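Q: Here it is, the structure in full.
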Amino acid sequence: MNLTHAALQPPVMPSGIEADWLWDFLQKKQDKRPLLDRALAVVAMPDAEKIALSAWVQAVSALAPQFQPAPIAWPMTCPLADKANWAAFRTLMEAFYEKGFHAGLPYLEDGTPVAKGGVTYAQFVQAFRDRHRLNLNPDAREVCVLCGGLLGDTPHVDHWIIKSAVPLLSTCADNLTLICSTCNEAPNKGDQPVHTSGSFADWYHPYLRPGSGGFQLGYDLHAVAVHCSAFAPADQSKVSNLDRLLKLSSRLTGKFKAEYANQQGVLSRRELRRVNAGYARHTQQELENYVQQWAADLLPTEPDHEVHALLGQAMNEPARVQAWLAELAAVQ
Ligand SMILES: [Zn+2]
């Protein structure tokens, strides 16, 4: 194939809009060389390598069947023996995300080719935020879809299947999620795989097999530890893998302890104010009322709602109320 602007026109590309966009894209530079150089390297590959790469593209593109019964094996090895050729292909694919998507793709949201005004990275981020906003008040805090914590001012666009391993999925909408920076960075998700040696059987996927509603949080009050468990035993391996990927149990335990310490501080200050003013100390009934009121006031749309609701249950246990009364009795 002769890789020129004219050669990309239909029927090679489905439309002139896409051909023009692709040609402009190939003029962009990566590491001081135009992307066209990498495209020419791919064009010049021996036929056997092209066939291998094409088969790999077909296999990794078929992501949805991986989440249906009896999927075919997900390719785990690099399809190209020639490292320079693979690097050229990978650079091209990653540039679709780093350069093409950021500047704007030649498509409307519904996939219609468009010369100007196509979907951009910033639009994707905004649309994702709008779609997942639990509290529609624009001033309300936003929640991370993975951990339920604060989404934060600098959420990350995560490639669920990392783009360095499967660069073809770098701009695939099904592979992109917007999550909090803590979830995305090591030692949490980072570059870890979201499958077991190519099998997705024991894994959730943000779109193709969402885990929401599939598991619950529990606590061990003695050890002060939060754990995640599946509602259905068949889902336990998926919950365990997600928990390990995101360090959910240990992160939620930290939040559980932090809010417990916060409540301890609030009640100790209240107790001290009573003592200093010469009022009666908290009674068991007052303490129970406080805990129940606090738990009832928790907003489901706020970050960390699940772990705070769990703390509300834990604080309401008779043994914990008794222990707390004893702690408050010592405040002076
Ligand atoms: Zn998160």
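Numbering starts fresh at 1 for the residues of each chain in the structure tokens, the chains themselves are lettered A, B, ... in the order given, and ligands are numbered from 1 as they appear.
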Let me have all residues with an atom within 8 Å of ligand 1, counting only C-alpha atoms and all ligand atoms, laid out as a list in words.
A: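 Sorted by chain and then by number, the residues are Val143, Cys144, Val145, Leu146, Cys147, Gly148, Gly149, Leu150, Leu151, Ile179, Cys180, Ser181, Thr182, Cys183 and Asn184 of chain A.
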Q: Mind checking which residues fall within 10 Å of Ala173 in chain A, counting only C-alpha atoms, ignoring those fewer than 4 positions away in the same chain, and posting them as a list of chain:residue names?
A: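 The contact residues come out as A:Phe124, A:His159, A:Leu169, A:Thr177, A:Tyr207.
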Q: Counting only C-alpha atoms, which residues of range 90-152 of chain A sit at most 12 Å from some atom of range 8-19 of chain A, and what is each one's closest atom pair with its distance in Å to one decimal, listed by chain and rising residue number, as a Markdown table?
A:
```
| residue | atom | partner | partner_atom | distance |
| --- | --- | --- | --- | --- |
| A:Leu105 | CA | A:Glu18 | CA | 9.1 |
| A:Pro106 | CA | A:Glu18 | CA | 6.3 |
| A:Tyr107 | CA | A:Glu18 | CA | 8.5 |
| A:Gly111 | CA | A:Glu18 | CA | 11.5 |
| A:Thr112 | CA | A:Ile17 | CA | 10.3 |
| A:Pro113 | CA | A:Ile17 | CA | 6.5 |
| A:Val114 | CA | A:Ile17 | CA | 6.5 |
| A:Ala115 | CA | A:Ile17 | CA | 5.5 |
| A:Lys116 | CA | A:Ile17 | CA | 9.3 |
| A:Gly118 | CA | A:Ile17 | CA | 11.0 |
```
Q: Suppose we keep C-alpha atoms; can you now write the selection as an mmCIF file, in the first residue's frame?
A:
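Just written: out.cif:
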```cif
data_model
loop_
_atom_site.group_PDB
_atom_site.id
_atom_site.type_symbol
_atom_site.label_atom_id
_atom_site.label_comp_id
_atom_site.auth_asym_id
_atom_site.auth_seq_id
_atom_site.Cartn_x
_atom_site.Cartn_y
_atom_site.Cartn_z
ATOM 1 C CA LEU A 105 -11.865 12.603 17.304
ATOM 2 C CA PRO A 106 -13.622 12.899 13.911
ATOM 3 C CA TYR A 107 -16.888 11.604 15.382
ATOM 4 C CA GLY A 111 -20.371 7.762 15.995
ATOM 5 C CA THR A 112 -21.322 9.983 13.046
ATOM 6 C CA PRO A 113 -18.176 11.212 11.249
ATOM 7 C CA VAL A 114 -17.732 14.957 11.580
ATOM 8 C CA ALA A 115 -14.966 17.249 10.298
ATOM 9 C CA LYS A 116 -15.165 19.642 13.243
ATOM 10 C CA GLY A 118 -15.969 15.739 17.351
#
```
Q: Could you give me, as JSON lines, a per-residue list for range 155-259 of chain A showing, wherever an atom lies at most 12 Å from an atom of range 44-57 of chain A, the closest pair of atoms and their distance in Å to one decimal, using only C-alpha atoms and sorting by chain then residue number from low to high?
A:
```
{"residue": "A:Val166", "atom": "CA", "partner": "A:Val57", "partner_atom": "CA", "distance": 9.4}
{"residue": "A:Pro167", "atom": "CA", "partner": "A:Val57", "partner_atom": "CA", "distance": 10.0}
{"residue": "A:Leu168", "atom": "CA", "partner": "A:Val57", "partner_atom": "CA", "distance": 7.3}
{"residue": "A:Leu169", "atom": "CA", "partner": "A:Val57", "partner_atom": "CA", "distance": 9.8}
```
Q: Identify, on the basis of only C-alpha atoms, every residue whose closest approach to Leu178 in chain A does not exceed 7 Å; exclude the query and any residue fewer than 3 positions from it along the same chain; express the result as a PyMOL selection string.
A: chain A and resi 125+128+155-158
Q: Just the residues within 8 Å of range 274-290 of chain A, please, counting only C-alpha atoms, with nothing from its chain fewer than 4 positions along; format it as a ChimeraX atom specification.
A: /A:270,294,316,321-322,325,328-329,332
Q: Those same residues, written as a PDB file, in the first residue's frame with C-alpha atoms?
A:
```pdb
ATOM      1  CA  ARG A 270     -19.379  17.545  74.143  1.00  0.00           C
ATOM      2  CA  TRP A 294     -25.934  10.686  63.161  1.00  0.00           C
ATOM      3  CA  ASN A 316     -24.934   1.335  67.803  1.00  0.00           C
ATOM      4  CA  VAL A 321     -22.144   1.966  73.469  1.00  0.00           C
ATOM      5  CA  GLN A 322     -21.053   0.600  76.868  1.00  0.00           C
ATOM      6  CA  LEU A 325     -19.900   5.454  77.964  1.00  0.00           C
ATOM      7  CA  LEU A 328     -16.746   9.452  78.239  1.00  0.00           C
ATOM      8  CA  ALA A 329     -16.975   8.901  82.000  1.00  0.00           C
ATOM      9  CA  GLN A 332     -12.536  15.536  82.739  1.00  0.00           C
TER      10      GLN A 332
END
```
Q: Please give the complete set of residues from range 98-305 of chain A that DSSP, run on the backbone, assigns to strand (DSSP E or B), formatted as an MDAnalysis selection string.
A: chainID A and resid 107 113 143 150 156:159 176:179 196 199 205 209 215:220 225:230
Q: Write out, as a PDB file, in the first residue's frame, the residues just selected, with N, CA and C atoms.
A:
```
ATOM      1  N   TYR A 107     -15.562  12.210  15.207  1.00  0.00           N
ATOM      2  CA  TYR A 107     -16.888  11.604  15.382  1.00  0.00           C
ATOM      3  C   TYR A 107     -17.709  12.376  16.401  1.00  0.00           C
ATOM      4  N   PRO A 113     -19.405  10.469  11.577  1.00  0.00           N
ATOM      5  CA  PRO A 113     -18.176  11.212  11.249  1.00  0.00           C
ATOM      6  C   PRO A 113     -18.466  12.701  11.114  1.00  0.00           C
ATOM      7  N   VAL A 143     -18.494  11.475  43.708  1.00  0.00           N
ATOM      8  CA  VAL A 143     -18.061  10.205  44.291  1.00  0.00           C
ATOM      9  C   VAL A 143     -17.346   9.360  43.235  1.00  0.00           C
ATOM     10  N   LEU A 150     -14.200  10.265  47.739  1.00  0.00           N
ATOM     11  CA  LEU A 150     -14.274  11.558  47.058  1.00  0.00           C
ATOM     12  C   LEU A 150     -13.580  11.467  45.693  1.00  0.00           C
ATOM     13  N   HIS A 156      -8.621  10.807  37.535  1.00  0.00           N
ATOM     14  CA  HIS A 156      -7.811  10.262  36.445  1.00  0.00           C
ATOM     15  C   HIS A 156      -8.690   9.481  35.475  1.00  0.00           C
ATOM     16  N   VAL A 157      -8.398   9.582  34.178  1.00  0.00           N
ATOM     17  CA  VAL A 157      -9.016   8.674  33.218  1.00  0.00           C
ATOM     18  C   VAL A 157      -8.181   7.404  33.241  1.00  0.00           C
ATOM     19  N   ASP A 158      -8.807   6.327  33.682  1.00  0.00           N
ATOM     20  CA  ASP A 158      -8.106   5.046  33.821  1.00  0.00           C
ATOM     21  C   ASP A 158      -8.379   4.162  32.612  1.00  0.00           C
ATOM     22  N   HIS A 159      -7.322   3.516  32.108  1.00  0.00           N
ATOM     23  CA  HIS A 159      -7.503   2.443  31.117  1.00  0.00           C
ATOM     24  C   HIS A 159      -7.668   1.155  31.919  1.00  0.00           C
ATOM     25  N   LEU A 176     -12.397   2.894  29.214  1.00  0.00           N
ATOM     26  CA  LEU A 176     -12.043   4.126  29.916  1.00  0.00           C
ATOM     27  C   LEU A 176     -13.016   4.409  31.052  1.00  0.00           C
ATOM     28  N   THR A 177     -12.480   4.678  32.224  1.00  0.00           N
ATOM     29  CA  THR A 177     -13.319   5.096  33.351  1.00  0.00           C
ATOM     30  C   THR A 177     -12.656   6.285  34.019  1.00  0.00           C
ATOM     31  N   LEU A 178     -13.467   7.082  34.670  1.00  0.00           N
ATOM     32  CA  LEU A 178     -12.929   8.228  35.405  1.00  0.00           C
ATOM     33  C   LEU A 178     -12.971   7.872  36.887  1.00  0.00           C
ATOM     34  N   ILE A 179     -11.814   7.813  37.513  1.00  0.00           N
ATOM     35  CA  ILE A 179     -11.756   7.371  38.909  1.00  0.00           C
ATOM     36  C   ILE A 179     -10.870   8.312  39.723  1.00  0.00           C
ATOM     37  N   THR A 196      -6.954 -12.840  35.079  1.00  0.00           N
ATOM     38  CA  THR A 196      -6.007 -13.813  35.605  1.00  0.00           C
ATOM     39  C   THR A 196      -5.431 -14.589  34.430  1.00  0.00           C
ATOM     40  N   SER A 199      -7.740 -14.728  31.633  1.00  0.00           N
ATOM     41  CA  SER A 199      -9.128 -15.122  31.904  1.00  0.00           C
ATOM     42  C   SER A 199      -9.815 -14.025  32.725  1.00  0.00           C
ATOM     43  N   HIS A 205     -15.909  -5.988  35.442  1.00  0.00           N
ATOM     44  CA  HIS A 205     -15.487  -5.005  34.446  1.00  0.00           C
ATOM     45  C   HIS A 205     -16.438  -3.814  34.609  1.00  0.00           C
ATOM     46  N   ARG A 209     -19.266  -6.089  33.079  1.00  0.00           N
ATOM     47  CA  ARG A 209     -19.711  -6.902  34.222  1.00  0.00           C
ATOM     48  C   ARG A 209     -19.564  -6.052  35.487  1.00  0.00           C
ATOM     49  N   PHE A 215     -21.757  -6.810  46.064  1.00  0.00           N
ATOM     50  CA  PHE A 215     -21.088  -7.136  47.330  1.00  0.00           C
ATOM     51  C   PHE A 215     -21.447  -6.149  48.430  1.00  0.00           C
ATOM     52  N   GLN A 216     -21.139  -6.552  49.632  1.00  0.00           N
ATOM     53  CA  GLN A 216     -21.480  -5.740  50.796  1.00  0.00           C
ATOM     54  C   GLN A 216     -20.256  -5.573  51.686  1.00  0.00           C
ATOM     55  N   LEU A 217     -20.332  -4.583  52.548  1.00  0.00           N
ATOM     56  CA  LEU A 217     -19.260  -4.370  53.517  1.00  0.00           C
ATOM     57  C   LEU A 217     -19.701  -4.916  54.866  1.00  0.00           C
ATOM     58  N   GLY A 218     -18.732  -5.468  55.584  1.00  0.00           N
ATOM     59  CA  GLY A 218     -18.983  -5.897  56.951  1.00  0.00           C
ATOM     60  C   GLY A 218     -17.831  -5.424  57.810  1.00  0.00           C
ATOM     61  N   TYR A 219     -17.959  -5.597  59.116  1.00  0.00           N
ATOM     62  CA  TYR A 219     -16.868  -5.146  59.981  1.00  0.00           C
ATOM     63  C   TYR A 219     -16.648  -6.144  61.101  1.00  0.00           C
ATOM     64  N   ASP A 220     -15.435  -6.141  61.578  1.00  0.00           N
ATOM     65  CA  ASP A 220     -15.089  -6.908  62.770  1.00  0.00           C
ATOM     66  C   ASP A 220     -14.748  -5.853  63.811  1.00  0.00           C
ATOM     67  N   ALA A 225     -11.849  -3.790  61.722  1.00  0.00           N
ATOM     68  CA  ALA A 225     -11.481  -4.038  60.319  1.00  0.00           C
ATOM     69  C   ALA A 225     -12.740  -4.156  59.473  1.00  0.00           C
ATOM     70  N   VAL A 226     -12.686  -3.557  58.269  1.00  0.00           N
ATOM     71  CA  VAL A 226     -13.788  -3.653  57.312  1.00  0.00           C
ATOM     72  C   VAL A 226     -13.420  -4.719  56.290  1.00  0.00           C
ATOM     73  N   HIS A 227     -14.389  -5.506  55.865  1.00  0.00           N
ATOM     74  CA  HIS A 227     -14.124  -6.482  54.818  1.00  0.00           C
ATOM     75  C   HIS A 227     -15.247  -6.437  53.780  1.00  0.00           C
ATOM     76  N   CYS A 228     -14.916  -6.908  52.566  1.00  0.00           N
ATOM     77  CA  CYS A 228     -15.890  -6.938  51.467  1.00  0.00           C
ATOM     78  C   CYS A 228     -16.291  -8.388  51.248  1.00  0.00           C
ATOM     79  N   SER A 229     -17.579  -8.643  51.100  1.00  0.00           N
ATOM     80  CA  SER A 229     -17.998 -10.010  50.791  1.00  0.00           C
ATOM     81  C   SER A 229     -19.120  -9.984  49.767  1.00  0.00           C
ATOM     82  N   ALA A 230     -19.166 -11.039  48.950  1.00  0.00           N
ATOM     83  CA  ALA A 230     -20.159 -11.108  47.872  1.00  0.00           C
ATOM     84  C   ALA A 230     -21.502 -11.531  48.434  1.00  0.00           C
TER      85      ALA A 230
END
```
Q: Could you go through range 41-220 of chain A and tell me which residues DSSP, when run on the backbone, assigns to helix (DSSP H, G or I), listing them as a short mmCIF file (atom, residue, chain, number, x, y, z; two decimals) with C-alpha atoms, in the first residue's frame?
A:
```cif
data_model
loop_
_atom_site.label_atom_id
_atom_site.label_comp_id
_atom_site.auth_asym_id
_atom_site.auth_seq_id
_atom_site.Cartn_x
_atom_site.Cartn_y
_atom_site.Cartn_z
CA ALA A 41 6.86 0.95 9.44
CA VAL A 42 3.61 -0.96 9.94
CA VAL A 43 2.87 -0.81 6.20
CA ASP A 47 2.93 -10.25 5.37
CA ALA A 48 3.29 -12.86 8.13
CA GLU A 49 3.58 -10.12 10.75
CA LYS A 50 0.61 -8.27 9.29
CA ILE A 51 -1.48 -11.44 9.48
CA ALA A 52 -0.40 -12.03 13.10
CA LEU A 53 -1.14 -8.43 14.04
CA SER A 54 -4.51 -8.53 12.31
CA ALA A 55 -5.49 -11.72 14.17
CA TRP A 56 -4.40 -10.13 17.46
CA VAL A 57 -6.43 -6.99 16.71
CA GLN A 58 -9.52 -9.12 16.02
CA ALA A 59 -9.03 -11.09 19.24
CA VAL A 60 -8.48 -8.17 21.62
CA SER A 61 -11.22 -6.09 19.98
CA ALA A 64 -17.50 -8.26 25.27
CA PRO A 65 -17.43 -12.06 24.55
CA GLN A 66 -14.80 -12.38 27.30
CA PHE A 67 -17.63 -11.69 29.77
CA LYS A 83 10.28 -5.29 18.71
CA ALA A 84 10.73 -2.19 16.53
CA ASN A 85 7.56 -2.99 14.61
CA TRP A 86 5.62 -3.54 17.83
CA ALA A 87 6.97 -0.23 19.20
CA ALA A 88 5.82 1.55 16.01
CA PHE A 89 2.33 0.04 16.28
CA ARG A 90 2.13 0.78 20.02
CA THR A 91 3.23 4.39 19.57
CA LEU A 92 0.57 4.89 16.92
CA MET A 93 -2.19 3.40 19.05
CA GLU A 94 -1.20 5.30 22.19
CA ALA A 95 -1.04 8.51 20.15
CA PHE A 96 -4.71 8.05 19.28
CA TYR A 97 -5.33 8.59 22.99
CA GLU A 98 -2.57 11.06 23.88
CA LYS A 99 -2.91 13.26 20.80
CA GLY A 100 -6.00 12.31 18.77
CA PHE A 101 -8.52 11.97 21.59
CA HIS A 102 -7.22 15.00 23.49
CA ALA A 103 -7.55 17.24 20.41
CA TYR A 121 -11.07 14.09 25.95
CA ALA A 122 -12.44 17.01 27.99
CA GLN A 123 -15.97 16.25 26.78
CA PHE A 124 -15.59 12.59 27.70
CA VAL A 125 -14.44 13.56 31.20
CA GLN A 126 -17.33 16.00 31.64
CA ALA A 127 -19.93 13.56 30.27
CA PHE A 128 -18.64 10.83 32.59
CA ARG A 129 -18.82 13.17 35.60
CA ASP A 130 -22.33 14.31 34.68
CA ARG A 131 -23.53 10.73 34.16
CA PRO A 167 -2.59 -0.30 23.14
CA LEU A 168 -5.48 -0.99 20.78
CA LEU A 169 -7.87 -0.28 23.67
CA SER A 170 -6.34 3.09 24.47
CA THR A 171 -9.34 5.01 23.11
CA ALA A 173 -14.87 3.85 25.37
CA ASP A 174 -15.52 0.53 27.14
CA ASN A 175 -11.98 0.62 28.46
CA SER A 181 -6.34 9.46 41.78
CA THR A 182 -5.94 7.17 44.82
CA CYS A 183 -7.70 4.29 43.06
CA ASN A 184 -5.66 4.80 39.90
#
```
Q: Write out as a PyMOL selection string the residues lying within 10 Å of Phe200 in chain A, counting only C-alpha atoms and excluding same-chain residues fewer than 6 positions away.
A: chain A and resi 63+66-68+71+73-74+194+209+238
Q: Save out the residues we just selected, N, CA and C atoms, as a PDB file, in the first residue's frame.
A:
```pdb
ATOM      1  N   LEU A  63     -13.867  -7.759  23.106  1.00  0.00           N
ATOM      2  CA  LEU A  63     -13.773  -7.791  24.572  1.00  0.00           C
ATOM      3  C   LEU A  63     -15.071  -8.312  25.206  1.00  0.00           C
ATOM      4  N   GLN A  66     -15.587 -11.888  26.158  1.00  0.00           N
ATOM      5  CA  GLN A  66     -14.798 -12.377  27.304  1.00  0.00           C
ATOM      6  C   GLN A  66     -15.653 -12.440  28.572  1.00  0.00           C
ATOM      7  N   PHE A  67     -16.772 -11.722  28.573  1.00  0.00           N
ATOM      8  CA  PHE A  67     -17.626 -11.690  29.768  1.00  0.00           C
ATOM      9  C   PHE A  67     -18.898 -12.497  29.559  1.00  0.00           C
ATOM     10  N   GLN A  68     -18.880 -13.327  28.515  1.00  0.00           N
ATOM     11  CA  GLN A  68     -19.988 -14.247  28.270  1.00  0.00           C
ATOM     12  C   GLN A  68     -19.484 -15.676  28.480  1.00  0.00           C
ATOM     13  N   PRO A  71     -15.670 -18.057  26.798  1.00  0.00           N
ATOM     14  CA  PRO A  71     -14.941 -17.162  25.892  1.00  0.00           C
ATOM     15  C   PRO A  71     -13.714 -17.840  25.300  1.00  0.00           C
ATOM     16  N   ALA A  73      -9.698 -17.808  24.230  1.00  0.00           N
ATOM     17  CA  ALA A  73      -8.565 -17.334  25.024  1.00  0.00           C
ATOM     18  C   ALA A  73      -8.195 -15.905  24.621  1.00  0.00           C
ATOM     19  N   TRP A  74      -7.968 -15.063  25.620  1.00  0.00           N
ATOM     20  CA  TRP A  74      -7.536 -13.682  25.408  1.00  0.00           C
ATOM     21  C   TRP A  74      -6.034 -13.723  25.127  1.00  0.00           C
ATOM     22  N   VAL A 194      -6.281  -6.786  35.080  1.00  0.00           N
ATOM     23  CA  VAL A 194      -7.659  -6.959  35.566  1.00  0.00           C
ATOM     24  C   VAL A 194      -8.227  -8.288  35.056  1.00  0.00           C
ATOM     25  N   ARG A 209     -19.266  -6.089  33.079  1.00  0.00           N
ATOM     26  CA  ARG A 209     -19.711  -6.902  34.222  1.00  0.00           C
ATOM     27  C   ARG A 209     -19.564  -6.052  35.487  1.00  0.00           C
ATOM     28  N   LYS A 238     -14.632 -12.773  42.330  1.00  0.00           N
ATOM     29  CA  LYS A 238     -14.596 -11.452  41.679  1.00  0.00           C
ATOM     30  C   LYS A 238     -14.428 -10.363  42.733  1.00  0.00           C
TER      31      LYS A 238
END
```
Q: So the first atom is CA of Lys257 in chain A and the second is CA of Ser212 in chain A; what is the distance between them in Å, to one decimal place?
A: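 CA of Ser212 in chain A lies at a distance of 23.8 Å from CA of Lys257 in chain A.
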Q: For a test of reading the model, state the distance in Å between CA of Gly198 in chain A and CA of Ala165 in chain A, rounded to one decimal.
A: 11.7 Å
Q: Restricting the calculation to only C-alpha atoms, which member of A:Asp202, A:Glu306, A:Gln292, A:Gly213 is positioned closest to Thr253 in chain A?
A: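 For Thr253 in chain A, the nearest of the given residues is A:Glu306.
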